[in-house]
Amino acid sequence: MAASNSPAEQLITENLDIWTSAIKKRGSQGRGSSKKIELYGVSVLRLLILELSFSGKLTEQSNENAVDLLTSLTNIKNELIKKKVLKKNKPNGAVEANEVRITIPNNWKWSRLGDAFDVRDGTHDSPKYQECGYPLVTSKNIYNGVLDLSNIKYISEEDHLKISERSKVDRGDILFAMIGSIGNPVIIDIEPNFSVKNVGLFKYYDPKQSNPKYLQYYLMLAEKWFKEESTGAVQSFVSLGKLRSFPFPVAPLKEQDSIVAKVDELMALCDQLEQQTETSLLAHQTLVETLLNTLLNADQNSFDQAWERIAQHFDVLFTTEHSIDQLKQTILQLAVMGKLVPQDPNDEPASVLLEKIAAEKEQLLSNKEQDKKIKKQKALPPISDDEKPFELPAGWEWVRLEALSHLITKGSSPKWQGVAYTENPEDILFVTSENVGANCLLLDKKKYVEKHFNEVEPRSILRKGDILMNIVGGSIGRTAVFDIDALANINQAVCLIRVFDEIIEKEYLLKFFNSETCRGYMFDKQVDNARANLSMGNISKFVIPLPPSAESPRIVTKVNELLALCETLKLHISESQATKLHLADTMAEQALN
């Protein structure tokens with residue numbers, strides 16, 4: 001006889017830190033949730049509680065035998081069939097040993113869901129929807145144990161009555177999603193004046209002979225098995241036959257009540273753990289953001305004090321991948337604000353660097369051989385004070401990107417020019433937005449076009465050292481240097497930025513393009529179109545904080561050093577998190593065994 005404080009339950013309650021510390025990123029966002037993380041350990045714990053409960057390991061067994069209850073249910077069912085209230089379904093036979101997934105106590109009995117309950121489904125047809133009428137509940141309206149009628153569709157009274165002839169829903173029935181997001185059983189606790197479509201419907205032969213929450217909790221456990229065995233090429237689904245024939249552990253009614261009470265208690269504990277963990281994570285995130293913003297907003301007098309405050313608690317603050325990403329972004333922003341490395345008053349100011357660029361441009365324009373490669377640029381609008389997001393250190397200058405470049409352009413589509421793609425590496429390498437990653441080229445999948453594409457699109461022929469920026473779609477702003485020796489061109493989703501290599505520190509520009517300041521320009525200046533995109537005119541007018549030429553490499557070196565440290569920290573966090581996830585799984589396995 002299992003005691004209420006069984007070893008399995010002790011394993012649950014005495015290791016709460018393990019369950020709450022196992023956290024991972026969500027692979028995709030679930031409907032009804034905007035959370036970016038999954039409390040994996042608590043999810044494992046919930047399933048463990050259910051599996052232990054339906055193995056009889058969390059509650060005491062009674063002297064009753066489930067055979068009596070099952071016999072009573074069978075008699076009631078047969079009587080309803082005689083009265084033609086129910087139709088006689090094809091028998092599924094006894095549950096075989098190879099069908100069961102858990103071991104149940106000796107006084108329980110394996111049955112099938114269709115033998116213990118009246119299992120039906122809603123219509124498979126698609127009734128005509130209308131402005132108002134009777135709600136039609138589908139799988140989309142049930143999730144997380146809740147029936148959500150806020151985004152419901154309506155059908156006519158005629159269709160509602162037709163569906164209800166087969167699958168009338170009553171208060172206390174249980175709905176179960178059979179298609180798409182399989183599972184999510186919900187007990188109907190409202191007056192159910194609605195119809196159902198592609199939804200499993202569980203009704204009771206005698207409500208007094210069953211505890212509805214016992215069935216609901218079992219279906220919550222069984223949904224993982226249904227998902228594993230579901231079929232369907234487009235959407236996963238479970239058939240009505242599968243539902244009816246699925247093994248169901250029938251426990252004596254008193255034990256059903258005990259199991260429900262214990263599961264209620266432990267699920268409430270899980271709810272509490274989730275709330276506490278989420279509150280703690282949110283507080284941690286807010287603290288990190290507050291301290292890093294203090295660092296960004298500090299003046300020269302208070303900066304050292306703000307940094308010291310962070311440094312003293314570094315190991316407590318930066319314990320998640322999200323906090324490390326925030327730190328990385330802060331490092332980039334501090335770099336372009338001139339706060340990351342000390343200024344040297346002996347450095348030649350950025351104004352001298354701008355004079356060198358202006359002189360270089362004049363020389364290129366005066367060279368007749370360069371006439372087709374560089375055009376005289378229009379006078380740039382002056383930079384207003386409103387465009388300057390922060391104050392610069394002495395020796396720095398605000399400057400527009402076009403002033404640092406002698407070419408800002410984009411490519412073209414081969415189809416527009418009547419040029420074909422090829423598979424010949426001897427042809428022109430064609431770089432698209434897919435090939436421009438964050439700070440690096442992604443050339444695992446190379447495309448090529450016919451060589452005469454360069455004749456029709458000469459301005460977008462790439463040179464080694466060109467900066468490439470994605471300007472269309474979800475990857476807007478991703479920037480990398482074309483750092484290979486290859487004959488190449490770009491498409492219309494990629495911008496080419498060619499600066500004066502001998503004068504400008506390109507690595508500094510890359511840091512700037514990834515900073516919050518530049519990302520703000522990018523998202524503020526997107527053209528509202530079918531797909532978000534940046535125009536060449538907006539890119540050329542980006543306002544850049546330009547350091548003295550001698551300071552730029554010091555900034556780049558420091559940024560690279562700190563970002564490498566961040567990556568090391570992220571790796572350690574990732575390894576630690578993997579260990580915690582594995583530990584949660586191991587604990588669950590240990591509890592079951």
# chains A, B, ... in the order shown; residues from 1 in each chain; ligands from 1
>>> select_by_dssp(residues="segment 444-522 of chain A", states="alpha helix (DSSP H)", output="ChimeraX atom specification")
/A:453-456,506-513,516-522
>>> closest_atom_pairs(of="segment 162-219 of chain A", to="segment 258-278 of chain A", cutoff="10 Å", atoms="only C-alpha atoms", output="JSON lines")
{"residue": "A:Asn211", "atom": "CA", "partner": "A:Val260", "partner_atom": "CA", "distance": 8.2}
{"residue": "A:Pro212", "atom": "CA", "partner": "A:Val260", "partner_atom": "CA", "distance": 9.3}
{"residue": "A:Lys213", "atom": "CA", "partner": "A:Val260", "partner_atom": "CA", "distance": 6.4}
{"residue": "A:Tyr214", "atom": "CA", "partner": "A:Val260", "partner_atom": "CA", "distance": 5.8}
{"residue": "A:Leu215", "atom": "CA", "partner": "A:Val260", "partner_atom": "CA", "distance": 9.5}
{"residue": "A:Gln216", "atom": "CA", "partner": "A:Val260", "partner_atom": "CA", "distance": 9.6}
{"residue": "A:Tyr217", "atom": "CA", "partner": "A:Val260", "partner_atom": "CA", "distance": 7.9}
>>> closest_residue(among="A:Asn454, A:Asn78, A:Asn593, A:Ser413", to="Ile102 of chain A", atoms="only C-alpha atoms")
A:Asn593
>>> closest_atom_pairs(of="segment 154-250 of chain A", to="segment 44-68 of chain A", cutoff="9 Å", atoms="only C-alpha atoms", output="CSV")
residue,atom,partner,partner_atom,distance
A:Tyr217,CA,A:Leu50,CA,7.0
A:Tyr218,CA,A:Leu50,CA,7.2
A:Met220,CA,A:Leu50,CA,8.0
A:Leu221,CA,A:Leu50,CA,6.0
A:Pro249,CA,A:Phe54,CA,7.3
A:Val250,CA,A:Ala66,CA,6.1
>>> residues_around(residues="segment 536-539 of chain A", least_positions_apart="5", cutoff="9 Å", atoms="only C-alpha atoms", output="JSON list (two decimals) with N, CA and C atoms, in the first residue's frame")
[["chain", "number", "residue", "atom", "x", "y", "z"],
["A", 401, "LEU", "N", 26.90, 58.63, -43.59],
["A", 401, "LEU", "CA", 27.59, 57.49, -44.19],
["A", 401, "LEU", "C", 28.10, 57.81, -45.59],
["A", 402, "GLU", "N", 27.32, 58.57, -46.36],
["A", 402, "GLU", "CA", 27.72, 58.88, -47.73],
["A", 402, "GLU", "C", 29.04, 59.65, -47.78],
["A", 408, "ILE", "N", 27.47, 53.73, -52.77],
["A", 408, "ILE", "CA", 26.39, 53.05, -52.04],
["A", 408, "ILE", "C", 25.34, 52.70, -53.08],
["A", 409, "THR", "N", 25.17, 51.40, -53.32],
["A", 409, "THR", "CA", 24.25, 50.97, -54.36],
["A", 409, "THR", "C", 23.69, 49.61, -54.01],
["A", 410, "LYS", "N", 22.80, 49.12, -54.83],
["A", 410, "LYS", "CA", 22.26, 47.78, -54.64],
["A", 410, "LYS", "C", 22.27, 47.06, -55.98],
["A", 471, "ILE", "N", 18.81, 44.62, -47.06],
["A", 471, "ILE", "CA", 17.90, 45.77, -47.01],
["A", 471, "ILE", "C", 16.44, 45.40, -47.23],
["A", 495, "CYS", "N", 22.63, 45.71, -50.23],
["A", 495, "CYS", "CA", 23.25, 47.01, -50.48],
["A", 495, "CYS", "C", 24.77, 46.88, -50.39],
["A", 521, "TYR", "N", 18.00, 53.55, -36.66],
["A", 521, "TYR", "CA", 17.88, 54.16, -37.99],
["A", 521, "TYR", "C", 17.18, 53.21, -38.95],
["A", 522, "MET", "N", 17.62, 51.97, -38.92],
["A", 522, "MET", "CA", 17.12, 50.98, -39.88],
["A", 522, "MET", "C", 15.62, 50.76, -39.74],
["A", 525, "LYS", "N", 13.51, 53.93, -40.58],
["A", 525, "LYS", "CA", 13.53, 54.35, -41.99],
["A", 525, "LYS", "C", 13.01, 53.30, -42.96],
["A", 526, "GLN", "N", 12.44, 52.23, -42.45],
["A", 526, "GLN", "CA", 11.92, 51.21, -43.35],
["A", 526, "GLN", "C", 10.79, 51.78, -44.19]]
>>> residues_around(residues="Asn193 of chain A", least_positions_apart="5", cutoff="9 Å", atoms="only C-alpha atoms", output="VMD selection string")
chain A and resid 134 to 135 169 to 170
>>> write_last_selection(atoms="N, CA, C and O atoms", output="PDB file, in the first residue's frame")
ATOM      1  N   TYR A 134     -25.326  29.949 -33.933  1.00  0.00           N
ATOM      2  CA  TYR A 134     -24.828  29.023 -32.927  1.00  0.00           C
ATOM      3  C   TYR A 134     -23.315  28.862 -33.078  1.00  0.00           C
ATOM      4  O   TYR A 134     -22.821  28.634 -34.187  1.00  0.00           O
ATOM      5  N   PRO A 135     -22.558  28.960 -31.975  1.00  0.00           N
ATOM      6  CA  PRO A 135     -21.096  28.806 -32.057  1.00  0.00           C
ATOM      7  C   PRO A 135     -20.714  27.406 -32.530  1.00  0.00           C
ATOM      8  O   PRO A 135     -21.374  26.416 -32.183  1.00  0.00           O
ATOM      9  N   VAL A 169     -23.565  18.298 -27.058  1.00  0.00           N
ATOM     10  CA  VAL A 169     -22.665  18.552 -25.933  1.00  0.00           C
ATOM     11  C   VAL A 169     -23.478  18.924 -24.707  1.00  0.00           C
ATOM     12  O   VAL A 169     -24.383  19.769 -24.780  1.00  0.00           O
ATOM     13  N   ASP A 170     -23.157  18.291 -23.565  1.00  0.00           N
ATOM     14  CA  ASP A 170     -23.834  18.593 -22.297  1.00  0.00           C
ATOM     15  C   ASP A 170     -22.819  19.106 -21.281  1.00  0.00           C
ATOM     16  O   ASP A 170     -21.601  18.875 -21.416  1.00  0.00           O
TER      17      ASP A 170
END
>>> atom_distance(atom1="atom CA of Lys168 of chain A", atom2="atom CA of Val95 of chain A")
28.8 Å
>>> residues_around(residues="segment 183-186 of chain A", least_positions_apart="5", cutoff="7 Å", atoms="only C-alpha atoms", output="list in words")
Ile142, Tyr143, Asn144, Gly145, Val146, Leu147, Ile174, Leu175, Phe176, Ala177, Met178, Gln216, Leu219, Met220 and Glu223 of chain A
>>> write_last_selection(atoms="C-alpha atoms", output="PDB file, in the first residue's frame")
ATOM      1  CA  ILE A 142      -9.584  24.640 -26.747  1.00  0.00           C
ATOM      2  CA  TYR A 143      -6.095  24.908 -25.262  1.00  0.00           C
ATOM      3  CA  ASN A 144      -4.469  24.864 -21.827  1.00  0.00           C
ATOM      4  CA  GLY A 145      -7.616  23.341 -20.296  1.00  0.00           C
ATOM      5  CA  VAL A 146      -9.739  26.321 -21.353  1.00  0.00           C
ATOM      6  CA  LEU A 147     -12.676  26.655 -23.747  1.00  0.00           C
ATOM      7  CA  ILE A 174     -15.044  16.630 -21.930  1.00  0.00           C
ATOM      8  CA  LEU A 175     -13.765  17.992 -25.255  1.00  0.00           C
ATOM      9  CA  PHE A 176     -10.461  16.798 -26.732  1.00  0.00           C
ATOM     10  CA  ALA A 177      -8.725  18.324 -29.777  1.00  0.00           C
ATOM     11  CA  MET A 178      -8.370  15.649 -32.473  1.00  0.00           C
ATOM     12  CA  GLN A 216      -9.372  14.875 -17.882  1.00  0.00           C
ATOM     13  CA  LEU A 219      -6.246  12.572 -21.272  1.00  0.00           C
ATOM     14  CA  MET A 220      -3.631  15.217 -20.382  1.00  0.00           C
ATOM     15  CA  GLU A 223      -2.055  13.374 -25.289  1.00  0.00           C
TER      16      GLU A 223
END
>>> closest_residue(among="A:Val316, A:Leu136, A:Ala564, A:Val119", to="Lys242 of chain A", atoms="only C-alpha atoms")
A:Val119
>>> select_by_dssp(residues="segment 511-576 of chain A", states="strand (DSSP E or B)", output="list of chain:residue names")
A:Val527, A:Asn533, A:Val543, A:Ile544, A:Pro545, A:Leu546
>>> residues_around(residues="segment 475-487 of chain A", least_positions_apart="4", cutoff="7 Å", atoms="only C-alpha atoms", output="list in words")
Ile428, Leu429, Val436, Gly437, Ala438, Asn439, Cys440, Leu441, Lys464, Gly465, Asp466, Ile467, Leu468, Met469, Asn470, Ile471, Leu510 and Met522 of chain A
>>> write_last_selection(atoms="all heavy atoms", output="short mmCIF file (atom, residue, chain, number, x, y, z; two decimals), in the first residue's frame")
data_model
loop_
_atom_site.label_atom_id
_atom_site.label_comp_id
_atom_site.auth_asym_id
_atom_site.auth_seq_id
_atom_site.Cartn_x
_atom_site.Cartn_y
_atom_site.Cartn_z
N ILE A 428 29.63 33.94 -62.57
CA ILE A 428 29.65 34.99 -61.55
C ILE A 428 28.95 34.50 -60.27
O ILE A 428 27.80 34.05 -60.32
CB ILE A 428 28.96 36.26 -62.07
CG1 ILE A 428 29.76 36.86 -63.23
CG2 ILE A 428 28.80 37.29 -60.95
CD1 ILE A 428 29.06 37.99 -63.92
N LEU A 429 29.65 34.59 -59.14
CA LEU A 429 29.05 34.29 -57.85
C LEU A 429 27.97 35.33 -57.58
O LEU A 429 28.23 36.54 -57.64
CB LEU A 429 30.10 34.32 -56.76
CG LEU A 429 29.60 34.12 -55.31
CD1 LEU A 429 29.04 32.72 -55.14
CD2 LEU A 429 30.72 34.37 -54.31
N VAL A 436 24.34 36.86 -46.68
CA VAL A 436 24.88 37.90 -45.81
C VAL A 436 24.41 37.62 -44.39
O VAL A 436 23.26 37.86 -44.03
CB VAL A 436 24.43 39.31 -46.26
CG1 VAL A 436 25.04 40.37 -45.34
CG2 VAL A 436 24.84 39.56 -47.70
N GLY A 437 25.33 37.08 -43.57
CA GLY A 437 25.01 36.79 -42.19
C GLY A 437 25.39 37.94 -41.28
O GLY A 437 25.77 39.02 -41.75
N ALA A 438 25.28 37.73 -39.99
CA ALA A 438 25.67 38.75 -39.01
C ALA A 438 27.19 38.72 -38.87
O ALA A 438 27.74 37.82 -38.26
CB ALA A 438 25.00 38.49 -37.68
N ASN A 439 27.86 39.66 -39.52
CA ASN A 439 29.32 39.83 -39.46
C ASN A 439 30.09 38.79 -40.27
O ASN A 439 31.32 38.73 -40.18
CB ASN A 439 29.83 39.81 -38.01
CG ASN A 439 29.28 40.95 -37.20
OD1 ASN A 439 29.25 42.09 -37.66
ND2 ASN A 439 28.81 40.66 -35.99
N CYS A 440 29.40 37.95 -41.05
CA CYS A 440 30.14 36.98 -41.85
C CYS A 440 29.31 36.57 -43.06
O CYS A 440 28.08 36.66 -43.04
CB CYS A 440 30.50 35.75 -41.02
SG CYS A 440 29.07 34.81 -40.44
N LEU A 441 30.02 36.14 -44.12
CA LEU A 441 29.34 35.62 -45.30
C LEU A 441 28.90 34.19 -45.04
O LEU A 441 29.58 33.43 -44.36
CB LEU A 441 30.28 35.65 -46.51
CG LEU A 441 30.69 37.03 -47.04
CD1 LEU A 441 31.65 36.86 -48.20
CD2 LEU A 441 29.48 37.84 -47.47
N LYS A 464 36.75 42.84 -53.14
CA LYS A 464 37.12 42.35 -51.82
C LYS A 464 37.22 43.53 -50.86
O LYS A 464 37.88 44.53 -51.16
CB LYS A 464 38.46 41.61 -51.88
CG LYS A 464 38.83 40.91 -50.57
CD LYS A 464 40.10 40.10 -50.71
CE LYS A 464 40.42 39.34 -49.43
NZ LYS A 464 41.64 38.51 -49.54
N GLY A 465 36.53 43.43 -49.72
CA GLY A 465 36.52 44.52 -48.74
C GLY A 465 35.25 45.33 -48.74
O GLY A 465 35.04 46.15 -47.84
N ASP A 466 34.36 45.11 -49.73
CA ASP A 466 33.08 45.83 -49.74
C ASP A 466 32.23 45.40 -48.54
O ASP A 466 32.26 44.24 -48.11
CB ASP A 466 32.30 45.51 -51.02
CG ASP A 466 32.85 46.26 -52.23
OD1 ASP A 466 33.60 47.22 -52.04
OD2 ASP A 466 32.52 45.84 -53.36
N ILE A 467 31.48 46.36 -48.00
CA ILE A 467 30.53 46.05 -46.93
C ILE A 467 29.17 45.76 -47.57
O ILE A 467 28.70 46.51 -48.42
CB ILE A 467 30.40 47.23 -45.95
CG1 ILE A 467 31.74 47.49 -45.25
CG2 ILE A 467 29.31 46.96 -44.92
CD1 ILE A 467 31.76 48.73 -44.40
N LEU A 468 28.55 44.64 -47.16
CA LEU A 468 27.26 44.25 -47.69
C LEU A 468 26.22 44.33 -46.57
O LEU A 468 26.47 43.90 -45.45
CB LEU A 468 27.31 42.82 -48.24
CG LEU A 468 28.35 42.56 -49.33
CD1 LEU A 468 28.28 41.10 -49.78
CD2 LEU A 468 28.16 43.49 -50.51
N MET A 469 25.05 44.87 -46.89
CA MET A 469 23.98 45.02 -45.91
C MET A 469 22.66 44.55 -46.51
O MET A 469 22.30 44.96 -47.61
CB MET A 469 23.84 46.49 -45.47
CG MET A 469 22.71 46.74 -44.47
SD MET A 469 22.49 48.50 -44.10
CE MET A 469 24.00 48.85 -43.19
N ASN A 470 21.96 43.69 -45.79
CA ASN A 470 20.63 43.25 -46.24
C ASN A 470 19.62 44.38 -46.05
O ASN A 470 19.58 45.01 -44.98
CB ASN A 470 20.18 42.02 -45.47
CG ASN A 470 20.95 40.77 -45.88
OD1 ASN A 470 21.64 40.77 -46.89
ND2 ASN A 470 20.84 39.73 -45.09
N ILE A 471 18.81 44.62 -47.06
CA ILE A 471 17.90 45.77 -47.01
C ILE A 471 16.44 45.40 -47.23
O ILE A 471 15.58 46.28 -47.30
CB ILE A 471 18.32 46.84 -48.05
CG1 ILE A 471 18.32 46.23 -49.46
CG2 ILE A 471 19.66 47.43 -47.70
CD1 ILE A 471 18.57 47.27 -50.56
N LEU A 510 31.33 48.16 -38.99
CA LEU A 510 30.51 46.98 -38.75
C LEU A 510 29.95 46.99 -37.33
O LEU A 510 28.80 46.61 -37.09
CB LEU A 510 31.32 45.71 -38.98
CG LEU A 510 31.57 45.31 -40.43
CD1 LEU A 510 32.43 44.05 -40.48
CD2 LEU A 510 30.26 45.07 -41.16
N MET A 522 17.62 51.97 -38.92
CA MET A 522 17.12 50.98 -39.88
C MET A 522 15.62 50.76 -39.74
O MET A 522 14.88 50.71 -40.72
CB MET A 522 17.85 49.65 -39.70
CG MET A 522 19.31 49.69 -40.12
SD MET A 522 20.16 48.16 -39.67
CE MET A 522 21.84 48.55 -40.20
#
>>> closest_residue(among="A:His160, A:Pro247, A:Val288, A:Asp257", to="Ser323 of chain A", atoms="only C-alpha atoms")
A:Val288
